[in-house]
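Novice: model.tsv is the file, holding TSV, C-alpha atoms:
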```
chain	number	residue	atom	x	y	z
A	1	MET	CA	0.00	0.00	0.00
A	2	ASP	CA	1.26	3.48	-0.88
A	3	LEU	CA	1.72	5.51	2.31
A	4	GLU	CA	0.88	8.81	0.63
A	5	GLU	CA	-2.40	7.36	-0.61
A	6	LEU	CA	-3.16	6.04	2.88
A	7	ARG	CA	-2.21	9.37	4.48
A	8	ALA	CA	-4.58	11.19	2.11
A	9	PHE	CA	-7.44	8.80	2.86
A	10	VAL	CA	-6.96	8.99	6.64
A	11	GLY	CA	-6.89	12.78	6.37
A	12	VAL	CA	-10.27	12.81	4.63
A	13	ALA	CA	-11.66	10.27	7.10
A	14	GLU	CA	-10.60	12.44	10.06
A	15	THR	CA	-11.76	15.80	8.66
A	16	GLY	CA	-14.78	14.71	6.61
A	17	SER	CA	-13.71	16.98	3.77
A	18	PHE	CA	-11.28	16.86	0.85
A	19	LEU	CA	-10.57	20.57	1.24
A	20	ALA	CA	-9.88	20.38	4.98
A	21	ALA	CA	-7.70	17.29	4.52
A	22	ALA	CA	-5.73	18.98	1.72
A	23	ASP	CA	-5.10	22.01	3.95
A	24	MET	CA	-4.06	19.78	6.86
A	25	LEU	CA	-1.60	17.79	4.73
A	26	GLY	CA	-0.32	20.75	2.74
A	27	VAL	CA	-1.23	19.43	-0.72
A	28	SER	CA	-3.68	20.54	-3.38
A	29	ARG	CA	-7.22	19.19	-3.35
A	30	THR	CA	-6.63	17.73	-6.82
A	31	THR	CA	-3.56	15.81	-5.62
A	32	LEU	CA	-5.38	14.62	-2.54
A	33	ARG	CA	-8.41	13.41	-4.50
A	34	ARG	CA	-6.15	11.61	-7.01
A	35	ARG	CA	-4.39	9.74	-4.19
A	36	VAL	CA	-7.68	8.68	-2.59
A	37	GLU	CA	-9.05	7.51	-5.94
A	38	ALA	CA	-5.86	5.51	-6.55
A	39	LEU	CA	-6.28	3.84	-3.14
A	40	GLU	CA	-9.91	3.00	-3.91
A	41	ALA	CA	-8.80	1.48	-7.22
A	42	ARG	CA	-6.17	-0.56	-5.39
A	43	ALA	CA	-8.74	-1.72	-2.83
A	44	GLY	CA	-11.34	-2.50	-5.48
A	45	VAL	CA	-14.22	-1.10	-3.40
A	46	PRO	CA	-15.52	2.41	-2.62
A	47	LEU	CA	-14.05	3.82	0.58
A	48	LEU	CA	-15.83	7.19	0.67
A	49	LYS	CA	-19.16	8.57	-0.47
A	50	SER	CA	-20.29	12.17	-0.82
A	51	THR	CA	-23.43	13.45	0.91
A	52	ARG	CA	-25.02	16.88	1.24
A	53	THR	CA	-23.30	17.31	4.61
A	54	GLY	CA	-19.86	16.16	3.52
A	55	VAL	CA	-17.81	13.05	2.85
A	56	VAL	CA	-18.60	9.89	4.86
A	57	LEU	CA	-16.96	6.49	5.04
A	58	THR	CA	-18.37	3.34	3.54
A	59	GLU	CA	-18.27	0.16	5.60
A	60	ALA	CA	-15.00	-0.81	3.93
A	61	GLY	CA	-13.71	2.73	4.54
A	62	GLU	CA	-14.48	2.43	8.27
A	63	VAL	CA	-12.36	-0.73	8.47
A	64	LEU	CA	-9.44	0.83	6.59
A	65	ALA	CA	-9.63	4.09	8.54
A	66	ARG	CA	-9.32	2.29	11.90
A	67	ARG	CA	-6.33	0.25	10.81
A	68	GLY	CA	-4.89	3.03	8.67
A	69	ARG	CA	-4.60	5.40	11.63
A	70	LEU	CA	-2.57	2.80	13.52
A	71	MET	CA	-0.36	2.17	10.49
A	72	MET	CA	0.39	5.87	10.15
A	73	GLN	CA	1.18	6.17	13.85
A	74	GLU	CA	3.48	3.14	13.69
A	75	THR	CA	5.26	4.60	10.66
A	76	ARG	CA	5.88	7.95	12.36
A	77	ALA	CA	7.11	6.21	15.52
A	78	LEU	CA	9.46	3.97	13.57
A	79	VAL	CA	10.97	6.81	11.52
A	80	ALA	CA	11.52	8.88	14.69
A	81	SER	CA	13.19	5.93	16.43
A	82	LEU	CA	15.75	5.40	13.64
A	83	ARG	CA	17.57	8.60	14.66
A	84	GLU	CA	18.50	6.98	17.98
A	85	VAL	CA	19.84	3.62	16.78
A	86	GLY	CA	23.41	3.05	17.95
A	87	GLN	CA	23.32	5.81	20.57
A	88	ALA	CA	23.21	5.74	24.36
A	89	PRO	CA	19.72	6.50	25.70
A	90	ALA	CA	19.18	10.22	25.22
A	91	GLY	CA	16.52	12.68	24.23
A	92	LEU	CA	12.88	12.41	25.24
A	93	LEU	CA	11.27	9.25	26.65
A	94	ARG	CA	7.45	9.53	26.51
A	95	VAL	CA	5.76	7.44	29.18
A	96	VAL	CA	2.02	7.06	29.74
A	97	LEU	CA	1.01	5.89	33.22
A	98	PRO	CA	-2.30	4.83	34.75
A	99	VAL	CA	-3.93	7.39	37.03
A	100	GLY	CA	-3.15	6.76	40.71
A	101	LEU	CA	0.25	5.05	40.69
A	102	PRO	CA	2.10	5.85	43.95
A	103	PRO	CA	4.32	8.93	43.37
A	104	HIS	CA	6.80	7.68	46.00
A	105	LEU	CA	7.36	4.60	43.80
A	106	LEU	CA	7.79	6.63	40.63
A	107	SER	CA	10.19	9.28	41.97
A	108	PRO	CA	13.08	6.87	42.80
A	109	LEU	CA	12.59	5.17	39.42
A	110	PHE	CA	12.91	8.55	37.71
A	111	GLY	CA	16.03	9.26	39.80
A	112	LEU	CA	17.54	5.92	38.73
A	113	LEU	CA	16.94	6.62	35.05
A	114	ARG	CA	18.40	10.13	35.29
A	115	SER	CA	21.51	8.99	37.17
A	116	THR	CA	22.09	6.13	34.71
A	117	TYR	CA	21.24	8.09	31.56
A	118	PRO	CA	21.87	11.80	32.25
A	119	LEU	CA	21.03	12.74	28.65
A	120	LEU	CA	17.59	11.14	28.90
A	121	ARG	CA	14.57	13.35	29.61
A	122	VAL	CA	11.21	11.91	30.64
A	123	HIS	CA	7.78	13.18	29.69
A	124	ALA	CA	5.28	11.38	31.96
A	125	CYS	CA	1.56	11.81	31.50
A	126	PHE	CA	-1.32	10.04	33.20
A	127	SER	CA	-4.30	8.48	31.48
A	128	ASP	CA	-7.40	6.51	32.45
A	129	HIS	CA	-6.61	4.29	29.44
A	130	PRO	CA	-2.87	4.42	28.58
A	131	LEU	CA	-3.21	2.10	25.57
A	132	ALA	CA	-5.73	4.43	23.94
A	133	GLU	CA	-3.13	7.18	23.52
A	134	PRO	CA	-1.83	7.81	19.95
A	135	LEU	CA	1.11	5.52	19.21
A	136	ASP	CA	3.24	8.35	17.90
A	137	ASN	CA	3.04	10.02	21.36
A	138	VAL	CA	4.08	6.93	23.37
A	139	ASP	CA	7.38	5.12	23.95
A	140	LEU	CA	6.23	3.13	26.99
A	141	ALA	CA	2.75	2.53	28.36
A	142	VAL	CA	2.26	1.27	31.93
A	143	HIS	CA	-1.16	-0.22	32.63
A	144	PHE	CA	-3.11	-2.80	34.60
A	145	GLY	CA	-4.60	-5.87	32.93
A	146	GLU	CA	-4.34	-9.65	32.69
A	147	ASP	CA	-4.92	-9.84	28.94
A	148	MET	CA	-2.38	-8.92	26.30
A	149	PRO	CA	-3.28	-5.55	24.76
A	150	ARG	CA	-4.87	-5.65	21.34
A	151	GLY	CA	-3.10	-3.96	18.48
A	152	PRO	CA	0.58	-3.30	17.67
A	153	TRP	CA	2.04	-3.70	21.20
A	154	ILE	CA	4.77	-5.81	22.77
A	155	SER	CA	3.72	-6.36	26.40
A	156	GLN	CA	5.02	-8.00	29.57
A	157	VAL	CA	3.90	-8.26	33.19
A	158	VAL	CA	6.45	-6.54	35.48
A	159	LEU	CA	4.60	-6.76	38.79
A	160	ARG	CA	1.56	-8.50	40.29
A	161	ILE	CA	-0.39	-6.45	42.81
A	162	ARG	CA	-3.03	-7.65	45.24
A	163	GLU	CA	-6.30	-5.73	45.07
A	164	ARG	CA	-8.36	-5.94	48.27
A	165	LEU	CA	-10.49	-4.09	50.82
A	166	TRP	CA	-9.01	-1.61	53.29
A	167	ALA	CA	-10.34	0.78	55.92
A	168	SER	CA	-8.87	2.86	58.73
A	169	ALA	CA	-8.75	1.43	62.23
A	170	ASP	CA	-10.77	4.43	63.46
A	171	TYR	CA	-13.54	3.79	60.93
A	172	LEU	CA	-13.79	0.11	61.91
A	173	ARG	CA	-13.90	0.95	65.63
A	174	GLN	CA	-16.82	3.27	65.00
A	175	ARG	CA	-18.74	1.22	62.40
A	176	GLY	CA	-17.63	-2.32	63.17
A	177	LEU	CA	-15.62	-4.85	61.16
A	178	PRO	CA	-17.83	-6.59	58.57
A	179	ASP	CA	-17.63	-10.38	58.80
A	180	SER	CA	-19.30	-11.23	55.48
A	181	VAL	CA	-20.00	-9.88	52.02
A	182	GLU	CA	-23.59	-9.20	53.07
A	183	ALA	CA	-22.40	-7.09	56.01
A	184	LEU	CA	-20.66	-4.68	53.61
A	185	ARG	CA	-24.04	-3.29	52.59
A	186	GLY	CA	-24.23	-1.33	55.83
A	187	HIS	CA	-20.96	0.52	55.14
A	188	GLU	CA	-19.68	3.40	53.02
A	189	LEU	CA	-17.94	1.75	50.06
A	190	PHE	CA	-15.35	3.21	47.69
A	191	SER	CA	-14.28	1.49	44.47
A	192	TRP	CA	-11.33	1.87	42.14
A	193	GLN	CA	-12.35	1.93	38.47
A	194	GLY	CA	-9.81	-0.31	36.78
A	195	PRO	CA	-9.44	-0.47	32.99
A	196	GLY	CA	-12.22	-2.46	31.40
A	197	GLY	CA	-13.65	-3.38	34.79
A	198	ASP	CA	-17.00	-2.77	36.48
A	199	ALA	CA	-16.50	-0.80	39.69
A	200	CYS	CA	-19.88	-2.01	40.94
A	201	LEU	CA	-18.87	-5.68	40.73
A	202	TRP	CA	-16.44	-6.72	43.46
A	203	PRO	CA	-14.39	-9.92	43.07
A	204	GLN	CA	-14.21	-12.79	45.53
A	205	LEU	CA	-11.14	-14.97	45.92
A	206	ARG	CA	-13.42	-17.99	45.71
A	207	GLY	CA	-16.82	-17.61	44.15
A	208	PRO	CA	-18.58	-15.17	41.85
A	209	ALA	CA	-18.30	-11.39	41.92
A	210	PHE	CA	-21.03	-9.56	43.81
A	211	GLN	CA	-22.89	-6.30	43.20
A	212	VAL	CA	-22.21	-3.19	45.31
A	213	GLU	CA	-23.31	0.46	45.23
A	214	PRO	CA	-20.16	2.49	45.94
A	215	ALA	CA	-20.49	5.97	47.36
A	216	LEU	CA	-17.33	6.88	45.42
A	217	ILE	CA	-15.89	5.49	42.18
A	218	SER	CA	-12.58	6.83	40.87
A	219	THR	CA	-9.77	5.88	38.50
A	220	ASP	CA	-7.38	7.52	40.99
A	221	ILE	CA	-6.22	4.89	43.48
A	222	HIS	CA	-4.85	7.50	45.86
A	223	LEU	CA	-8.08	9.48	46.06
A	224	ILE	CA	-9.81	6.36	47.38
A	225	ARG	CA	-6.84	5.61	49.63
A	226	ALA	CA	-6.98	9.14	51.08
A	227	CYS	CA	-10.71	8.75	51.82
A	228	CYS	CA	-10.00	5.45	53.60
A	229	LEU	CA	-7.20	7.03	55.63
A	230	ALA	CA	-9.60	9.83	56.59
A	231	GLY	CA	-11.93	7.25	58.13
A	232	GLN	CA	-14.71	7.77	55.61
A	233	GLY	CA	-15.32	4.17	54.49
A	234	ILE	CA	-14.02	0.88	53.07
A	235	GLY	CA	-12.20	0.93	49.73
A	236	LEU	CA	-11.30	-1.70	47.14
A	237	ILE	CA	-7.86	-0.66	45.86
A	238	PRO	CA	-4.54	-2.18	44.71
A	239	SER	CA	-1.01	-1.37	45.93
A	240	VAL	CA	-2.00	-0.35	49.45
A	241	ASP	CA	1.03	-2.21	50.85
A	242	LEU	CA	3.17	0.63	49.44
A	243	ALA	CA	2.51	3.01	52.33
A	244	ASP	CA	2.54	6.73	51.67
A	245	PRO	CA	5.44	8.73	53.20
A	246	GLY	CA	4.57	9.78	56.74
A	247	GLU	CA	1.70	7.33	57.00
A	248	VAL	CA	1.32	5.81	60.48
A	249	GLU	CA	1.96	2.07	60.49
A	250	GLY	CA	-1.29	0.16	60.73
A	251	ALA	CA	-3.41	3.16	59.76
A	252	LEU	CA	-5.17	0.98	57.18
A	253	VAL	CA	-6.55	-2.43	58.13
A	254	PRO	CA	-7.49	-5.22	55.70
A	255	VAL	CA	-11.18	-6.11	55.53
A	256	LEU	CA	-12.43	-9.59	54.53
A	257	ALA	CA	-8.89	-10.36	53.37
A	258	ASP	CA	-9.66	-14.05	52.80
A	259	VAL	CA	-12.91	-13.35	50.96
A	260	VAL	CA	-12.76	-10.26	48.72
A	261	GLY	CA	-9.97	-9.39	46.27
A	262	ARG	CA	-7.94	-10.44	43.24
A	263	GLU	CA	-4.51	-10.12	41.70
A	264	GLN	CA	-3.90	-7.24	39.30
A	265	PRO	CA	-0.98	-7.55	36.85
A	266	LEU	CA	0.92	-4.35	36.12
A	267	ARG	CA	2.16	-4.37	32.54
A	268	VAL	CA	4.65	-2.37	30.53
A	269	SER	CA	3.77	-2.24	26.83
A	270	VAL	CA	5.85	-0.85	23.98
A	271	PRO	CA	4.68	-0.03	20.45
A	272	GLU	CA	5.89	-2.90	18.29
A	273	ALA	CA	7.63	-0.45	15.96
A	274	LEU	CA	9.89	0.66	18.85
A	275	SER	CA	10.57	-2.70	20.49
A	276	GLU	CA	14.06	-3.07	18.94
A	277	VAL	CA	15.22	0.49	19.64
A	278	PRO	CA	18.22	0.26	22.05
A	279	LYS	CA	16.96	3.14	24.22
A	280	ILE	CA	13.67	1.37	24.85
A	281	ARG	CA	15.30	-2.02	25.55
A	282	GLN	CA	17.77	-0.55	28.05
A	283	VAL	CA	15.14	1.48	29.90
A	284	LEU	CA	12.88	-1.59	30.11
A	285	GLU	CA	15.70	-3.60	31.67
A	286	HIS	CA	16.23	-0.93	34.34
A	287	ILE	CA	12.51	-0.86	35.10
A	288	ARG	CA	12.50	-4.66	35.55
A	289	GLN	CA	15.52	-4.51	37.89
A	290	PHE	CA	13.95	-1.71	39.92
A	291	ILE	CA	10.57	-3.44	40.31
A	292	ALA	CA	11.89	-6.98	40.94
A	293	PRO	CA	12.51	-6.53	44.73
A	294	LEU	CA	9.02	-5.02	45.33
```
Once you've parsed the file, please lay out its structure as structure tokens.
Specialist:
Amino acid sequence: MDLEELRAFVGVAETGSFLAAADMLGVSRTTLRRRVEALEARAGVPLLKSTRTGVVLTEAGEVLARRGRLMMQETRALVASLREVGQAPAGLLRVVLPVGLPPHLLSPLFGLLRSTYPLLRVHACFSDHPLAEPLDNVDLAVHFGEDMPRGPWISQVVLRIRERLWASADYLRQRGLPDSVEALRGHELFSWQGPGGDACLWPQLRGPAFQVEPALISTDIHLIRACCLAGQGIGLIPSVDLADPGEVEGALVPVLADVVGREQPLRVSVPEALSEVPKIRQVLEHIRQFIAPL
């Protein structure tokens, strides 16, 4: 497939207009239309159709547009990575992290990378869905999930975290320690919204998940943790064993530890187009060494 033809088609698919796509790509409308028509001829089916409100995709066009966007992102990522082959890790490393990872875990990892690779700069952003970010804006994506990510990713589990119920000792003294799943209904419940999960369905170690009505649902693990520490209720969260700096030992107490919970894998995924870049391989190895003792 000709990349210029694909770029022209994706431009029209994203803007809904030949004129807008031509302006975005910096080519004439005639050139753009010729490239799209050549791609349609190559495909052997119509990809676009004109309506009174603009240009819309056919069913075949929808399929090609979804995959075409990924192909263009992979191409840009690969071309950018070629500049760094054969060099020590340097330049910008773009990392996407899930909302709520403990900052006191991330800061020493950043310090390790900077001390090992002083020419490496890190751009860290947080996302409710790290794998949904455009591939050409991501070098590494950190995310929770048992399943391998769909699409052009190389993925590995770097840490397994127990997700379970916690509450402050003060809260449990005042409200009582629930001794069964049914007893939770009389309590204030907080739930972490994990990727692809249902925050209103809580897992059991043995047996089916059960329905709850949380007073608070959040993608931010530490918001729920802070509410638990404040004595406001019982929260289902991962990573609570990594105590916050200054936190009093025993401030949070496990609830129904043998009944409610599950294991959450923490994954690091790399766009397949970047998996052989030395910078990415070396940084991944340092991440594995840092996380291994945890």
Novice: Can you work out the spacing between atom CA of Leu106 of chain A and atom CA of Leu119 of chain A in Å, to one decimal?
Specialist: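 Going from atom CA of Leu106 of chain A over to atom CA of Leu119 of chain A covers 18.9 Å.
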Novice: Of the residues A:Leu113, A:Ile224, A:Leu205, A:Leu165, which is the one nearest to Gln193 of chain A, using all atoms listed in the file?
Specialist: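 Of the candidates, the smallest distance to Gln193 of chain A is held by A:Ile224.
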Novice: Could you tell me how far atom CA of Val122 of chain A sits from atom CA of Val277 of chain A, in Å to one decimal place?
Specialist: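 Straight-line distance from atom CA of Val277 of chain A to atom CA of Val122 of chain A works out to 16.4 Å.
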Novice: Which residues come within 7 Å of segment 227-240 of chain A, counting only C-alpha atoms, excluding same-chain residues fewer than 2 positions away, as a list of chain:residue names?
Specialist: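 Final neighbour list, sorted by chain and number: A:Ile161, A:Arg162, A:Glu163, A:Arg164, A:Leu165, A:Trp166, A:Ala167, A:Ser168, A:Asp170, A:Tyr171, A:His187, A:Glu188, A:Leu189, A:Phe190, A:Ser191, A:Trp192, A:Ile221, A:Leu223, A:Ile224, A:Arg225, A:Leu242, A:Ala243, A:Ala251, A:Leu252.
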Novice: Using atom CA of Leu274 of chain A and atom CA of Val138 of chain A as the two end points, give the distance in Å to one decimal.
Specialist: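 So the two atoms, atom CA of Leu274 of chain A and atom CA of Val138 of chain A, lie 9.7 Å apart.
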Novice: Using only C-alpha atoms, which of A:Glu14, A:Glu182, A:Glu213, A:Asp139 sits nearest Leu57 of chain A?
Specialist: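 When distances to Leu57 of chain A are compared using only C-alpha atoms, the smallest one comes from A:Glu14.
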